[in-house]
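J.: My questions all concern the structure below.
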Amino acid sequence: MLPSHLAIIMDGNGRWANRLGRPRWMGHARGARTVRDVVEHCARLGIPNLSLYAFSSDNWKRPREEVGFLFELFASHLDTQIDTLVRHSIRLSMFGRRDRLPATLVAAMEAAEARTAGGTRLHLRVAIDYSSRAAIEQAFTQAPQDPSAVHALLPAVDLLVRTGGERRLSDFLLWECAYAELAFLDVAFPDLTTDHLDAVFADYGRRDRRFGAVPTPVAETA
Ligand code: FPP
């Protein structure tokens, strides 16, 4: 039993780098390699929806150099990974605000979305300049004029994984996680392996998701 929508808060990059006496950006660069492995693994397993928290609207509070590095990393990855995504029929889209992002990054995002639009195997959604509270507020502000605005919210999340040892949602997919199973891992994101994910999936498969209903009765013996 695998989740049909897996969401990941990719935390612990900076601390991973600091532990090795390296600058924080190295943690992000190593994290980008983990992203590739995670996407490949999910596609191979047949998980149809994967949402990744790459940059929260609160991450603007970070030093300018770190923010700039992250945007360059996103743009360069969009560039280098796009052919692989197309080859594997992976659809990529980004969600969050675009009006505060560098124009070059927005152009790379739009190009990647257009080129991968036909992908049917896995829908990879990457949150950039995203705040769940802002997204909910926007959807419901627009809803009276345009009820379809509510559909801008994502499909319900089945399983949310957060790496890096913290146990919070940090304004990620709050509405969509209403009935999500939660898994908090102490491993830093750059050290996350497919074995860690498989262990989380095995645990997820054992959980009894009742959505508020009573457990299915065990058949009574006569
Ligand atoms: C949180 O760790 C991580 C981020 C804010 C950036 C996540 C970005 C990547 C994993 C890079 C690649 C992404 C894509 C989509 C190519 P942190 O910096 O808060 O770590 P800390 O809690 O240890 O400081």
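The way I read the labels, and the way they are meant: chains A, B, ... in the order of the structure tokens, residue 1 as the first residue of every chain, and ligand 1 as the first ligand shown, with later ones counted on from there.
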Please return as a PyMOL selection string the residues found within 8 Å of ligand 1, counting only C-alpha atoms and all ligand atoms.

T.: chain A and resi 9-17+24+27-36+52-56+59+70+73-74+77-78+126+164+188-190

J.: Which residues of stretch 4-98 of chain A have any atom within 7 Å of an atom in stretch 114-120 of chain A when counting only C-alpha atoms, and what is the closest pair of atoms for each, with the distance in Å to one decimal? Order the rows by chain and rising number and write it as a Markdown table.

T.:
```
| residue | atom | partner | partner_atom | distance |
| --- | --- | --- | --- | --- |
| A:Leu85 | CA | A:Thr116 | CA | 6.9 |
| A:Val86 | CA | A:Thr116 | CA | 5.6 |
| A:Ser89 | CA | A:Gly119 | CA | 4.1 |
| A:Ile90 | CA | A:Gly119 | CA | 4.6 |
| A:Arg91 | CA | A:Gly119 | CA | 4.3 |
| A:Leu92 | CA | A:Thr116 | CA | 6.0 |
```

J.: Can I get the selection written as an mmCIF file, in the first residue's frame, with N, CA, C and O atoms?

T.:
```cif
data_model
loop_
_atom_site.group_PDB
_atom_site.id
_atom_site.type_symbol
_atom_site.label_atom_id
_atom_site.label_comp_id
_atom_site.auth_asym_id
_atom_site.auth_seq_id
_atom_site.Cartn_x
_atom_site.Cartn_y
_atom_site.Cartn_z
ATOM 1 N N LEU A 85 13.207 14.112 -17.296
ATOM 2 C CA LEU A 85 11.795 14.121 -16.892
ATOM 3 C C LEU A 85 10.897 13.750 -18.072
ATOM 4 O O LEU A 85 9.989 12.930 -17.940
ATOM 5 N N VAL A 86 11.170 14.339 -19.207
ATOM 6 C CA VAL A 86 10.353 14.054 -20.395
ATOM 7 C C VAL A 86 10.473 12.568 -20.745
ATOM 8 O O VAL A 86 9.465 11.890 -20.987
ATOM 9 N N SER A 89 8.366 10.431 -18.637
ATOM 10 C CA SER A 89 6.965 10.847 -18.591
ATOM 11 C C SER A 89 6.578 11.441 -17.231
ATOM 12 O O SER A 89 5.526 11.133 -16.670
ATOM 13 N N ILE A 90 7.457 12.276 -16.708
ATOM 14 C CA ILE A 90 7.180 12.956 -15.439
ATOM 15 C C ILE A 90 6.760 14.398 -15.728
ATOM 16 O O ILE A 90 7.457 15.125 -16.435
ATOM 17 N N ARG A 91 5.602 14.750 -15.203
ATOM 18 C CA ARG A 91 5.111 16.118 -15.353
ATOM 19 C C ARG A 91 5.617 16.948 -14.179
ATOM 20 O O ARG A 91 5.487 16.530 -13.021
ATOM 21 N N LEU A 92 6.185 18.088 -14.490
ATOM 22 C CA LEU A 92 6.710 18.957 -13.436
ATOM 23 C C LEU A 92 5.911 20.245 -13.390
ATOM 24 O O LEU A 92 5.686 20.875 -14.429
#
```

J.: Could I get the residues of stretch 130-190 of chain A with an atom no further than 12 Å from an atom of stretch 194-202 of chain A, each paired with its nearest atom pair and that distance in Å to one decimal, using only C-alpha atoms, sorted by chain and residue number, as CSV?

T.:
```
residue,atom,partner,partner_atom,distance
A:Asp158,CA,A:Phe201,CA,11.0
A:Leu159,CA,A:Phe201,CA,8.8
A:Leu160,CA,A:Val200,CA,10.0
A:Val161,CA,A:Val200,CA,8.3
A:Arg162,CA,A:Val200,CA,10.9
A:Thr163,CA,A:His196,CA,10.3
A:Glu181,CA,A:Val200,CA,10.4
A:Leu182,CA,A:Val200,CA,9.7
A:Ala183,CA,A:Val200,CA,7.1
A:Phe184,CA,A:Val200,CA,9.4
A:Leu185,CA,A:His196,CA,8.6
A:Asp186,CA,A:His196,CA,10.5
A:Val187,CA,A:His196,CA,8.7
A:Ala188,CA,A:His196,CA,11.2
A:Phe189,CA,A:His196,CA,10.7
A:Pro190,CA,A:Thr194,CA,11.7
```

J.: Could you tell me how far atom CA of A:Leu154 sits from atom CA of A:Asp208, in Å to one decimal place?

T.: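 Atom CA of A:Asp208 sits 23.2 Å away from atom CA of A:Leu154.
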
J.: Report as number ranges by chain: the residues of stretch 16-185 of chain A with a DSSP assignment of strand (DSSP E or B), based on the backbone of this structure.

T.: A: 49-56, 90-95, 122-130, 159-162, 181-184

J.: Nearest to A:Gln81 among A:Ala135, A:Ala180, A:Val39, A:Leu50, with distances taken over only C-alpha atoms: which residue is it?

T.: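 Ranking A:Ala135, A:Ala180, A:Val39, A:Leu50 by distance to A:Gln81, first place goes to A:Val39.
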
J.: Taking only C-alpha atoms into account, which of A:Leu153, A:Met1, A:Ala111, A:Leu192 comes nearest A:Asp37?

T.: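 Of A:Leu153, A:Met1, A:Ala111, A:Leu192, the one nearest A:Asp37 is A:Leu192, counting only C-alpha atoms.
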
J.: Pick from A:Thr84, A:Thr193, A:Ser4, A:Thr104: nearest to A:Pro48, with only C-alpha atoms counted?

T.: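 The shortest atom-to-atom distance to A:Pro48 comes from A:Ser4.
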
J.: What is the distance, in Å and to one decimal place, between atom CA of A:Ser51 and atom CA of A:Arg168?

T.: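 Result for atom CA of A:Ser51 versus atom CA of A:Arg168: 16.6 Å, one decimal.
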
J.: Please identify the helix (DSSP H, G or I) residues within chain A (assignment by DSSP from backbone atoms) and present them as a VMD selection string.

T.: chain A and resid 13 to 19 24 to 45 57 to 61 64 to 87 103 to 116 132 to 142 147 to 152 189 to 191 194 to 206

J.: Env of A:Arg209: 10 Å cut, atoms = only C-alpha atoms, seq-sep filter 2 positions within chain, self excluded. Answer as a ChimeraX atom specification.

T.: /A:158,179-181,204-207,211-213,215

J.: Deliver the residues from the most recent selection as a file, using C-alpha atoms, as a compact mmCIF listing (two decimals), in the first residue's frame.

T.:
```
# COMPACT_ATOMS: atom_id res chain seq x y z
CA ASP A 158 -1.73 10.74 2.00
CA TYR A 179 -5.91 13.43 6.92
CA ALA A 180 -2.28 12.88 5.99
CA GLU A 181 -0.22 10.31 7.84
CA TYR A 204 2.47 3.74 6.17
CA GLY A 205 1.09 0.48 4.75
CA ARG A 206 0.48 -0.79 8.29
CA ARG A 207 -1.45 2.27 9.42
CA PHE A 211 -10.90 9.08 8.18
CA GLY A 212 -13.06 9.40 11.26
CA ALA A 213 -15.04 6.19 10.70
CA PRO A 215 -12.74 0.23 12.24
```

J.: Quick check, in Å to one decimal: how far apart do atom CA of A:Phe95 and atom CA of A:Asp129 lie?

T.: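 For atom CA of A:Phe95 relative to atom CA of A:Asp129, the distance reads 8.0 Å.
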
J.: Which residue out of A:Ala127, A:Asp79, A:Val106, A:Asp146 has the minimum interatomic distance to A:Met94 when only C-alpha atoms are used?

T.: A:Ala127

J.: Tell me, as a ChimeraX atom specification, which residues lie within 12 Å of A:Glu137, counting only C-alpha atoms; anything in the same chain fewer than 3 positions away does not count.

T.: /A:131-134,140-143,149-150,152-153,174-175

J.: Next, the residues of the selection above should be written as a PDB file, in the first residue's frame with N, CA and C atoms.

T.:
```pdb
ATOM      1  N   SER A 131       3.435  29.558   0.696  1.00  0.00           N
ATOM      2  CA  SER A 131       2.880  29.607   2.052  1.00  0.00           C
ATOM      3  C   SER A 131       1.496  28.996   1.962  1.00  0.00           C
ATOM      4  N   SER A 132       1.243  27.970   2.741  1.00  0.00           N
ATOM      5  CA  SER A 132      -0.057  27.311   2.683  1.00  0.00           C
ATOM      6  C   SER A 132      -1.169  28.253   3.147  1.00  0.00           C
ATOM      7  N   ARG A 133      -0.888  29.013   4.208  1.00  0.00           N
ATOM      8  CA  ARG A 133      -1.933  29.925   4.694  1.00  0.00           C
ATOM      9  C   ARG A 133      -2.288  30.944   3.617  1.00  0.00           C
ATOM     10  N   ALA A 134      -1.267  31.447   2.916  1.00  0.00           N
ATOM     11  CA  ALA A 134      -1.527  32.422   1.849  1.00  0.00           C
ATOM     12  C   ALA A 134      -2.320  31.763   0.714  1.00  0.00           C
ATOM     13  N   PHE A 140      -9.895  31.125  -1.106  1.00  0.00           N
ATOM     14  CA  PHE A 140     -11.207  31.446  -0.566  1.00  0.00           C
ATOM     15  C   PHE A 140     -11.598  32.904  -0.783  1.00  0.00           C
ATOM     16  N   THR A 141     -10.624  33.754  -1.031  1.00  0.00           N
ATOM     17  CA  THR A 141     -10.957  35.133  -1.390  1.00  0.00           C
ATOM     18  C   THR A 141     -11.534  35.147  -2.798  1.00  0.00           C
ATOM     19  N   GLN A 142     -10.949  34.308  -3.666  1.00  0.00           N
ATOM     20  CA  GLN A 142     -11.411  34.269  -5.071  1.00  0.00           C
ATOM     21  C   GLN A 142     -12.700  33.473  -5.236  1.00  0.00           C
ATOM     22  N   ALA A 143     -12.957  32.538  -4.325  1.00  0.00           N
ATOM     23  CA  ALA A 143     -14.041  31.565  -4.519  1.00  0.00           C
ATOM     24  C   ALA A 143     -15.423  32.174  -4.795  1.00  0.00           C
ATOM     25  N   ALA A 149     -11.463  28.361  -8.069  1.00  0.00           N
ATOM     26  CA  ALA A 149     -10.206  28.761  -7.427  1.00  0.00           C
ATOM     27  C   ALA A 149      -9.800  27.770  -6.337  1.00  0.00           C
ATOM     28  N   VAL A 150     -10.811  27.141  -5.717  1.00  0.00           N
ATOM     29  CA  VAL A 150     -10.525  26.188  -4.640  1.00  0.00           C
ATOM     30  C   VAL A 150      -9.749  24.995  -5.194  1.00  0.00           C
ATOM     31  N   ALA A 152      -7.382  25.145  -7.098  1.00  0.00           N
ATOM     32  CA  ALA A 152      -5.954  25.474  -7.177  1.00  0.00           C
ATOM     33  C   ALA A 152      -5.215  24.826  -6.014  1.00  0.00           C
ATOM     34  N   LEU A 153      -5.963  24.455  -4.969  1.00  0.00           N
ATOM     35  CA  LEU A 153      -5.339  23.707  -3.882  1.00  0.00           C
ATOM     36  C   LEU A 153      -5.013  22.321  -4.430  1.00  0.00           C
ATOM     37  N   LEU A 174      -1.229  22.747   4.486  1.00  0.00           N
ATOM     38  CA  LEU A 174      -2.015  22.541   5.711  1.00  0.00           C
ATOM     39  C   LEU A 174      -3.407  21.986   5.405  1.00  0.00           C
ATOM     40  N   TRP A 175      -4.048  22.545   4.406  1.00  0.00           N
ATOM     41  CA  TRP A 175      -5.401  22.111   4.010  1.00  0.00           C
ATOM     42  C   TRP A 175      -5.343  20.680   3.463  1.00  0.00           C
TER      43      TRP A 175
END
```
